[in-house]
Amino acid sequence: MRGIVASGTVVLVILGIGNHLWWLAAVALLYLYATHGRGSPGTTPPAGSGALPDSYRAYRERRDRQAKWERRYRRERPYEARRQQREKAR
């Protein structure tokens with residue numbers, strides 16, 4: 001992808017020698033590539049920082065909350081929990 005963008009930019013700059021609109025097209029191409037083509041900067045945490053992406057953090061919080069509710073349900077309704085476990089085993 002970088003090669004295509006780089007070669008396209010070079011061609012647009014060469015064409016821009018006679019017409020300045022091509023220079024604007026080259027700048028627009030580089031701008032679009034920088035903002036959309038390779039992902040927005042800062043979306044991935046730096047290596048070794050130990051920071052988790054927000055999507056995984058949200059998933060982990062939902063998973064932990066669900067596990068907490070399931071443990072509470074089994075503790076408060078042991079007979080119902082055992083019945084559901086037997087039905088699930090069938």
# chains A, B, ... in the order shown; residues from 1 in each chain; ligands from 1

$ residues_around --residues "Ala26 (chain A)" --least-positions-apart "4" --cutoff "10 Å" --atoms "only C-alpha atoms" --output "list in words"
Val5, Ala6, Gly8, Thr9, Val10, Val11, Leu12, Val13, Ile14, Leu15, Gly16, His20, Leu21, Trp22, Leu30, Tyr31 and Leu32 of chain A

$ write_last_selection --atoms "N, CA and C atoms" --output "mmCIF file, in the first residue's frame"
data_model
loop_
_atom_site.group_PDB
_atom_site.id
_atom_site.type_symbol
_atom_site.label_atom_id
_atom_site.label_comp_id
_atom_site.auth_asym_id
_atom_site.auth_seq_id
_atom_site.Cartn_x
_atom_site.Cartn_y
_atom_site.Cartn_z
ATOM 1 N N VAL A 5 0.922 4.407 -2.792
ATOM 2 C CA VAL A 5 0.725 5.807 -2.384
ATOM 3 C C VAL A 5 1.959 6.631 -2.726
ATOM 4 N N ALA A 6 3.146 6.078 -2.481
ATOM 5 C CA ALA A 6 4.377 6.810 -2.780
ATOM 6 C C ALA A 6 4.520 7.060 -4.269
ATOM 7 N N GLY A 8 2.125 7.104 -6.521
ATOM 8 C CA GLY A 8 1.069 8.035 -6.922
ATOM 9 C C GLY A 8 1.418 9.460 -6.554
ATOM 10 N N THR A 9 2.014 9.637 -5.385
ATOM 11 C CA THR A 9 2.418 10.982 -4.967
ATOM 12 C C THR A 9 3.512 11.525 -5.870
ATOM 13 N N VAL A 10 4.489 10.679 -6.236
ATOM 14 C CA VAL A 10 5.570 11.114 -7.133
ATOM 15 C C VAL A 10 5.006 11.522 -8.482
ATOM 16 N N VAL A 11 4.099 10.720 -9.017
ATOM 17 C CA VAL A 11 3.491 11.052 -10.316
ATOM 18 C C VAL A 11 2.741 12.373 -10.230
ATOM 19 N N LEU A 12 1.989 12.568 -9.162
ATOM 20 C CA LEU A 12 1.242 13.813 -9.011
ATOM 21 C C LEU A 12 2.171 15.014 -8.851
ATOM 22 N N VAL A 13 3.304 14.829 -8.170
ATOM 23 C CA VAL A 13 4.262 15.931 -8.021
ATOM 24 C C VAL A 13 4.897 16.260 -9.366
ATOM 25 N N ILE A 14 5.242 15.236 -10.139
ATOM 26 C CA ILE A 14 5.825 15.477 -11.470
ATOM 27 C C ILE A 14 4.823 16.193 -12.362
ATOM 28 N N LEU A 15 3.566 15.760 -12.321
ATOM 29 C CA LEU A 15 2.537 16.450 -13.105
ATOM 30 C C LEU A 15 2.313 17.867 -12.595
ATOM 31 N N GLY A 16 2.588 18.097 -11.309
ATOM 32 C CA GLY A 16 2.360 19.396 -10.709
ATOM 33 C C GLY A 16 3.355 20.461 -11.113
ATOM 34 N N HIS A 20 -0.513 23.488 -10.723
ATOM 35 C CA HIS A 20 -0.465 23.400 -9.269
ATOM 36 C C HIS A 20 -1.616 22.607 -8.669
ATOM 37 N N LEU A 21 -2.649 22.328 -9.446
ATOM 38 C CA LEU A 21 -3.737 21.495 -8.926
ATOM 39 C C LEU A 21 -3.259 20.071 -8.640
ATOM 40 N N TRP A 22 -2.263 19.612 -9.398
ATOM 41 C CA TRP A 22 -1.727 18.274 -9.157
ATOM 42 C C TRP A 22 -0.989 18.224 -7.812
ATOM 43 N N LEU A 30 -1.768 12.214 0.236
ATOM 44 C CA LEU A 30 -0.990 11.930 1.437
ATOM 45 C C LEU A 30 -1.811 12.134 2.710
ATOM 46 N N TYR A 31 -2.651 13.145 2.714
ATOM 47 C CA TYR A 31 -3.503 13.396 3.883
ATOM 48 C C TYR A 31 -4.476 12.239 4.096
ATOM 49 N N LEU A 32 -5.131 11.793 3.020
ATOM 50 C CA LEU A 32 -6.079 10.677 3.152
ATOM 51 C C LEU A 32 -5.380 9.404 3.592
#

$ select_by_dssp --residues "chain A" --states "alpha helix (DSSP H)" --output "VMD selection string"
chain A and resid 2 to 15 20 to 32 54 to 76 78 to 89

$ closest_residue --among "A:Glu61, A:Ala89, A:Leu29, A:Arg77" --to "Ser7 (chain A)" --atoms "only C-alpha atoms"
A:Leu29

$ atom_distance --atom1 "CA of Glu76 (chain A)" --atom2 "CA of Lys88 (chain A)"
19.3 Å

$ atom_distance --atom1 "CA of Gly18 (chain A)" --atom2 "CA of Ile4 (chain A)"
22.6 Å

$ decode --residues "region 10-27 of chain A" --atoms "N, CA, C and O atoms" --output "compact mmCIF listing (two decimals), in the first residue's frame"
# COMPACT_ATOMS: atom_id res chain seq x y z
N VAL A 10 4.49 10.68 -6.24
CA VAL A 10 5.57 11.11 -7.13
C VAL A 10 5.01 11.52 -8.48
O VAL A 10 5.38 12.56 -9.05
N VAL A 11 4.10 10.72 -9.02
CA VAL A 11 3.49 11.05 -10.32
C VAL A 11 2.74 12.37 -10.23
O VAL A 11 2.86 13.23 -11.12
N LEU A 12 1.99 12.57 -9.16
CA LEU A 12 1.24 13.81 -9.01
C LEU A 12 2.17 15.01 -8.85
O LEU A 12 1.89 16.10 -9.36
N VAL A 13 3.30 14.83 -8.17
CA VAL A 13 4.26 15.93 -8.02
C VAL A 13 4.90 16.26 -9.37
O VAL A 13 5.07 17.43 -9.72
N ILE A 14 5.24 15.24 -10.14
CA ILE A 14 5.82 15.48 -11.47
C ILE A 14 4.82 16.19 -12.36
O ILE A 14 5.17 17.15 -13.08
N LEU A 15 3.57 15.76 -12.32
CA LEU A 15 2.54 16.45 -13.10
C LEU A 15 2.31 17.87 -12.59
O LEU A 15 1.91 18.75 -13.35
N GLY A 16 2.59 18.10 -11.31
CA GLY A 16 2.36 19.40 -10.71
C GLY A 16 3.35 20.46 -11.11
O GLY A 16 3.19 21.63 -10.76
N ILE A 17 4.38 20.08 -11.87
CA ILE A 17 5.36 21.07 -12.32
C ILE A 17 4.67 22.11 -13.19
O ILE A 17 4.93 23.30 -13.08
N GLY A 18 3.76 21.65 -14.03
CA GLY A 18 3.07 22.59 -14.91
C GLY A 18 1.74 23.08 -14.37
O GLY A 18 1.25 24.12 -14.77
N ASN A 19 1.12 22.33 -13.47
CA ASN A 19 -0.20 22.67 -12.98
C ASN A 19 -0.24 22.45 -11.47
O ASN A 19 -0.04 21.35 -10.98
N HIS A 20 -0.51 23.49 -10.72
CA HIS A 20 -0.47 23.40 -9.27
C HIS A 20 -1.62 22.61 -8.67
O HIS A 20 -1.55 22.22 -7.50
N LEU A 21 -2.65 22.33 -9.45
CA LEU A 21 -3.74 21.49 -8.93
C LEU A 21 -3.26 20.07 -8.64
O LEU A 21 -3.77 19.41 -7.75
N TRP A 22 -2.26 19.61 -9.40
CA TRP A 22 -1.73 18.27 -9.16
C TRP A 22 -0.99 18.22 -7.81
O TRP A 22 -0.97 17.20 -7.15
N TRP A 23 -0.36 19.34 -7.44
CA TRP A 23 0.28 19.41 -6.14
C TRP A 23 -0.78 19.26 -5.04
O TRP A 23 -0.57 18.55 -4.05
N LEU A 24 -1.89 19.93 -5.22
CA LEU A 24 -2.97 19.81 -4.24
C LEU A 24 -3.50 18.38 -4.18
O LEU A 24 -3.82 17.87 -3.09
N ALA A 25 -3.57 17.72 -5.33
CA ALA A 25 -4.02 16.33 -5.36
C ALA A 25 -3.02 15.44 -4.62
O ALA A 25 -3.42 14.51 -3.89
N ALA A 26 -1.71 15.71 -4.78
CA ALA A 26 -0.70 14.93 -4.06
C ALA A 26 -0.82 15.12 -2.56
O ALA A 26 -0.74 14.17 -1.78
N VAL A 27 -1.03 16.35 -2.13
CA VAL A 27 -1.19 16.63 -0.71
C VAL A 27 -2.45 15.95 -0.18
O VAL A 27 -2.45 15.37 0.91
